[in-house]
Each structure stands twice: as C-alpha cells, then as structure tokens.
Amino acid sequence: QRWTGYPFSDNESMAAPLQELLPAGHATGQLLLVTHVGPSSSATAVDQVNLVAPSISTGSTALDVLVRRADMQERVVANVHGHTHYAPAG
C-alpha cells in the first residue's frame with residue numbers, strides 16, 4: 001500500500017535515484033543523510049498502533065540496503081529521518 005504524499009510507488013523506484021546519487025565505490029568523505037523516510041530496519045519506521053494486529057513497516061528497503069553497504073558504513077555519519085506515528089483519518 002502506498003501512502004498519499006510519498007513520491008515513490010515502490011522500493012525499486014527509490015533505489016534507482018539512490019544508486020545514481022551514491023554509486024558504490026565512487027566517492028569518499030563523510031555523509032550526513034537527511035531523508036523523509038527511514039531505513040526499513042529502523043524502529044522509528046514501524047507503526048504499532050494495535051499490539052494485537054501486525055505492525056506496519058513504513059521504512060524503505062532501498063535506503064536500508066544503501067546504508068548497510070560496506071562503503072556507506074565507512075562514510076555515513078548519521079541518517080536523520082522522519083518517524084512514523086499514528087494519524088487517524090477524519
């Protein structure tokens with residue numbers, strides 16, 4: 001399910017621009033990533049409103065793959081990103 005306001009329809013759509021912006025092994029120096037969505041493994045990217053119902057993962061798998069790359073582990077100082085919170089409609 002895609003939430004209104006999110007610019008990508010799926011993780012593959014987000015992966016291509018990330019790979020273009022940060023190709024593996026082509027740059028050096030430290031990076032501070034500032035992203036709207038967090039990596040899928042981040043605890044702030046899980047919506048757990050009802051403890052009985054399954055949680056909703058709102059993070060990006062593409063961003064998670066990027067920050068776990070060995071070269072990014074050396075370069076990324078932090079990934080500052082938004083968080084998921086309950087927002088009832090109506």
# chains A, B, ... in the order shown; residues from 1 in each chain; ligands from 1
>>> select_by_dssp(residues="chain A", states="alpha helix (DSSP H)", output="list in words")
Asn11, Glu12, Ser13, Met14, Ala15, Ala16, Pro17, Leu18, Gln19, Glu20, Leu21, Thr61, Ala62, Leu63, Asp64, Val65, Leu66, Val67, Arg68, Ala70, Asp71, Met72, Gln73, Glu74 and Arg75 of chain A
>>> residues_around(residues="region 70-72 of chain A", least_positions_apart="6", cutoff="9 Å", atoms="only C-alpha atoms", output="PyMOL selection string")
chain A and resi 22+24-25+28+31
>>> residues_around(residues="Val77 (chain A)", least_positions_apart="6", cutoff="12 Å", atoms="only C-alpha atoms", output="ChimeraX atom specification")
/A:29-34,67,71
>>> write_last_selection(atoms="N, CA and C atoms", output="mmCIF file, in the first residue's frame")
data_model
loop_
_atom_site.group_PDB
_atom_site.id
_atom_site.type_symbol
_atom_site.label_atom_id
_atom_site.label_comp_id
_atom_site.auth_asym_id
_atom_site.auth_seq_id
_atom_site.Cartn_x
_atom_site.Cartn_y
_atom_site.Cartn_z
ATOM 1 N N GLY A 29 34.770 10.573 1.694
ATOM 2 C CA GLY A 29 34.340 11.634 2.590
ATOM 3 C C GLY A 29 33.100 11.228 3.373
ATOM 4 N N GLN A 30 32.828 11.982 4.396
ATOM 5 C CA GLN A 30 31.704 11.686 5.261
ATOM 6 C C GLN A 30 30.396 12.205 4.677
ATOM 7 N N LEU A 31 29.305 11.511 5.013
ATOM 8 C CA LEU A 31 27.973 11.883 4.554
ATOM 9 C C LEU A 31 27.015 11.988 5.727
ATOM 10 N N LEU A 32 26.161 12.974 5.682
ATOM 11 C CA LEU A 32 25.029 13.075 6.583
ATOM 12 C C LEU A 32 23.796 12.951 5.701
ATOM 13 N N LEU A 33 23.085 11.848 5.822
ATOM 14 C CA LEU A 33 21.879 11.634 5.023
ATOM 15 C C LEU A 33 20.687 12.226 5.756
ATOM 16 N N VAL A 34 19.913 13.035 5.060
ATOM 17 C CA VAL A 34 18.679 13.600 5.602
ATOM 18 C C VAL A 34 17.557 13.145 4.678
ATOM 19 N N VAL A 67 22.360 2.042 3.272
ATOM 20 C CA VAL A 67 23.142 2.356 4.477
ATOM 21 C C VAL A 67 23.867 1.146 5.034
ATOM 22 N N ASP A 71 30.745 0.375 1.876
ATOM 23 C CA ASP A 71 31.295 1.718 1.655
ATOM 24 C C ASP A 71 30.489 2.784 2.379
#
>>> residues_around(residues="Gly82 (chain A)", least_positions_apart="2", cutoff="8 Å", atoms="only C-alpha atoms", output="ChimeraX atom specification")
/A:35-38,44,80,84
>>> write_last_selection(atoms="N, CA, C and O atoms", output="PDB file, in the first residue's frame")
ATOM      1  N   THR A  35      16.743  12.223   5.154  1.00  0.00           N
ATOM      2  CA  THR A  35      15.695  11.629   4.330  1.00  0.00           C
ATOM      3  C   THR A  35      14.350  11.728   5.048  1.00  0.00           C
ATOM      4  O   THR A  35      14.284  11.761   6.275  1.00  0.00           O
ATOM      5  N   HIS A  36      13.302  11.779   4.275  1.00  0.00           N
ATOM      6  CA  HIS A  36      11.959  11.822   4.875  1.00  0.00           C
ATOM      7  C   HIS A  36      11.643  10.477   5.522  1.00  0.00           C
ATOM      8  O   HIS A  36      11.227  10.407   6.667  1.00  0.00           O
ATOM      9  N   VAL A  37      11.847   9.426   4.775  1.00  0.00           N
ATOM     10  CA  VAL A  37      11.555   8.078   5.251  1.00  0.00           C
ATOM     11  C   VAL A  37      12.835   7.468   5.836  1.00  0.00           C
ATOM     12  O   VAL A  37      13.931   7.765   5.390  1.00  0.00           O
ATOM     13  N   GLY A  38      12.690   6.637   6.819  1.00  0.00           N
ATOM     14  CA  GLY A  38      13.843   5.967   7.417  1.00  0.00           C
ATOM     15  C   GLY A  38      14.104   4.628   6.770  1.00  0.00           C
ATOM     16  O   GLY A  38      13.284   4.123   5.989  1.00  0.00           O
ATOM     17  N   THR A  44      12.000   3.462  14.268  1.00  0.00           N
ATOM     18  CA  THR A  44      11.115   4.615  14.061  1.00  0.00           C
ATOM     19  C   THR A  44      10.317   4.494  12.766  1.00  0.00           C
ATOM     20  O   THR A  44       9.545   5.388  12.444  1.00  0.00           O
ATOM     21  N   VAL A  80      19.522  11.149   9.381  1.00  0.00           N
ATOM     22  CA  VAL A  80      18.458  11.872  10.074  1.00  0.00           C
ATOM     23  C   VAL A  80      17.204  11.709   9.217  1.00  0.00           C
ATOM     24  O   VAL A  80      17.215  12.021   8.025  1.00  0.00           O
ATOM     25  N   THR A  84       7.459   7.416  12.010  1.00  0.00           N
ATOM     26  CA  THR A  84       6.083   7.027  11.771  1.00  0.00           C
ATOM     27  C   THR A  84       5.287   7.210  13.053  1.00  0.00           C
ATOM     28  O   THR A  84       5.760   6.893  14.129  1.00  0.00           O
TER      29      THR A  84
END
>>> residues_around(residues="Glu12 (chain A)", least_positions_apart="2", cutoff="12 Å", atoms="only C-alpha atoms", output="VMD selection string")
chain A and resid 8 to 10 14 to 19 60 to 63 65
>>> atom_distance(atom1="CA of Ser42 (chain A)", atom2="CA of Ser57 (chain A)")
9.4 Å
>>> closest_residue(among="A:Thr58, A:Val76, A:Val46, A:Ala27", to="Asn11 (chain A)", atoms="only C-alpha atoms")
A:Thr58
>>> select_by_dssp(residues="chain A", states="strand (DSSP E or B)", output="list of chain:residue names")
A:Leu31, A:Leu32, A:Leu33, A:Val34, A:Thr35, A:Pro39, A:Val46, A:Asp47, A:Ile56, A:Ser57, A:Ser60, A:Val76, A:Val77, A:Ala78, A:Asn79, A:Val80, A:His81
>>> decode(residues="chain A", atoms="C-alpha atoms", output="mmCIF file, in the first residue's frame")
data_model
loop_
_atom_site.group_PDB
_atom_site.id
_atom_site.type_symbol
_atom_site.label_atom_id
_atom_site.label_comp_id
_atom_site.auth_asym_id
_atom_site.auth_seq_id
_atom_site.Cartn_x
_atom_site.Cartn_y
_atom_site.Cartn_z
ATOM 1 C CA GLN A 1 0.000 0.000 0.000
ATOM 2 C CA ARG A 2 1.292 3.463 -0.915
ATOM 3 C CA TRP A 3 0.525 6.375 1.366
ATOM 4 C CA THR A 4 -0.605 9.673 -0.138
ATOM 5 C CA GLY A 5 2.254 12.153 -0.355
ATOM 6 C CA TYR A 6 5.006 9.548 -0.710
ATOM 7 C CA PRO A 7 6.765 10.172 -4.026
ATOM 8 C CA PHE A 8 7.692 6.560 -4.815
ATOM 9 C CA SER A 9 5.280 3.783 -5.714
ATOM 10 C CA ASP A 10 7.680 1.039 -4.585
ATOM 11 C CA ASN A 11 11.173 0.495 -3.213
ATOM 12 C CA GLU A 12 12.642 -0.136 -6.655
ATOM 13 C CA SER A 13 11.573 3.376 -7.682
ATOM 14 C CA MET A 14 13.508 4.787 -4.731
ATOM 15 C CA ALA A 15 16.543 2.543 -5.246
ATOM 16 C CA ALA A 16 17.471 3.884 -8.688
ATOM 17 C CA PRO A 17 17.876 7.554 -7.641
ATOM 18 C CA LEU A 18 19.778 6.486 -4.503
ATOM 19 C CA GLN A 19 22.199 4.379 -6.537
ATOM 20 C CA GLU A 20 22.643 7.197 -9.041
ATOM 21 C CA LEU A 21 23.307 9.724 -6.299
ATOM 22 C CA LEU A 22 25.590 7.430 -4.263
ATOM 23 C CA PRO A 23 27.141 4.816 -6.578
ATOM 24 C CA ALA A 24 29.209 2.161 -4.825
ATOM 25 C CA GLY A 25 32.904 2.921 -4.505
ATOM 26 C CA HIS A 26 32.938 6.230 -6.416
ATOM 27 C CA ALA A 27 33.237 8.810 -3.679
ATOM 28 C CA THR A 28 34.991 9.444 -0.410
ATOM 29 C CA GLY A 29 34.340 11.634 2.590
ATOM 30 C CA GLN A 30 31.704 11.686 5.261
ATOM 31 C CA LEU A 31 27.973 11.883 4.554
ATOM 32 C CA LEU A 32 25.029 13.075 6.583
ATOM 33 C CA LEU A 33 21.879 11.634 5.023
ATOM 34 C CA VAL A 34 18.679 13.600 5.602
ATOM 35 C CA THR A 35 15.695 11.629 4.330
ATOM 36 C CA HIS A 36 11.959 11.822 4.875
ATOM 37 C CA VAL A 37 11.555 8.078 5.251
ATOM 38 C CA GLY A 38 13.843 5.967 7.417
ATOM 39 C CA PRO A 39 15.511 2.671 6.590
ATOM 40 C CA SER A 40 13.205 -0.333 6.947
ATOM 41 C CA SER A 41 15.260 -1.712 9.856
ATOM 42 C CA SER A 42 14.806 1.446 11.935
ATOM 43 C CA ALA A 43 12.485 1.168 14.926
ATOM 44 C CA THR A 44 11.115 4.615 14.061
ATOM 45 C CA ALA A 45 9.784 3.193 10.782
ATOM 46 C CA VAL A 46 7.302 0.798 12.397
ATOM 47 C CA ASP A 47 3.704 1.722 13.189
ATOM 48 C CA GLN A 48 2.443 -0.468 16.017
ATOM 49 C CA VAL A 49 -0.918 1.050 16.970
ATOM 50 C CA ASN A 50 -2.646 -2.141 17.998
ATOM 51 C CA LEU A 51 -0.462 -4.674 19.796
ATOM 52 C CA VAL A 52 -2.751 -7.487 18.637
ATOM 53 C CA ALA A 53 -2.625 -6.544 14.931
ATOM 54 C CA PRO A 54 0.528 -6.934 12.832
ATOM 55 C CA SER A 55 2.806 -3.910 12.748
ATOM 56 C CA ILE A 56 3.064 -1.743 9.633
ATOM 57 C CA SER A 57 6.577 -1.268 8.287
ATOM 58 C CA THR A 58 6.888 2.193 6.735
ATOM 59 C CA GLY A 59 10.617 2.270 6.148
ATOM 60 C CA SER A 60 12.451 1.972 2.869
ATOM 61 C CA THR A 61 14.139 -1.301 1.989
ATOM 62 C CA ALA A 62 16.161 0.541 -0.680
ATOM 63 C CA LEU A 63 17.501 3.003 1.898
ATOM 64 C CA ASP A 64 18.224 0.135 4.289
ATOM 65 C CA VAL A 65 20.273 -1.648 1.613
ATOM 66 C CA LEU A 66 22.159 1.576 0.885
ATOM 67 C CA VAL A 67 23.142 2.356 4.477
ATOM 68 C CA ARG A 68 24.202 -1.265 5.050
ATOM 69 C CA ARG A 69 26.625 -1.240 2.110
ATOM 70 C CA ALA A 70 30.238 -1.559 3.290
ATOM 71 C CA ASP A 71 31.295 1.718 1.655
ATOM 72 C CA MET A 72 28.353 3.565 3.210
ATOM 73 C CA GLN A 73 29.157 2.095 6.637
ATOM 74 C CA GLU A 74 32.506 3.883 6.302
ATOM 75 C CA ARG A 75 31.014 7.186 5.101
ATOM 76 C CA VAL A 76 27.580 7.799 6.625
ATOM 77 C CA VAL A 77 27.894 9.634 9.920
ATOM 78 C CA ALA A 78 24.118 9.595 10.504
ATOM 79 C CA ASN A 79 20.813 9.226 8.721
ATOM 80 C CA VAL A 80 18.458 11.872 10.074
ATOM 81 C CA HIS A 81 14.935 10.933 9.040
ATOM 82 C CA GLY A 82 11.289 11.297 9.881
ATOM 83 C CA HIS A 83 9.372 8.850 12.002
ATOM 84 C CA THR A 84 6.083 7.027 11.771
ATOM 85 C CA HIS A 85 3.239 7.875 14.081
ATOM 86 C CA TYR A 86 -0.420 7.093 14.382
ATOM 87 C CA ALA A 87 -2.545 9.576 12.456
ATOM 88 C CA PRO A 88 -6.235 8.678 12.453
ATOM 89 C CA ALA A 89 -8.275 9.824 9.475
ATOM 90 C CA GLY A 90 -11.205 12.105 9.867
#
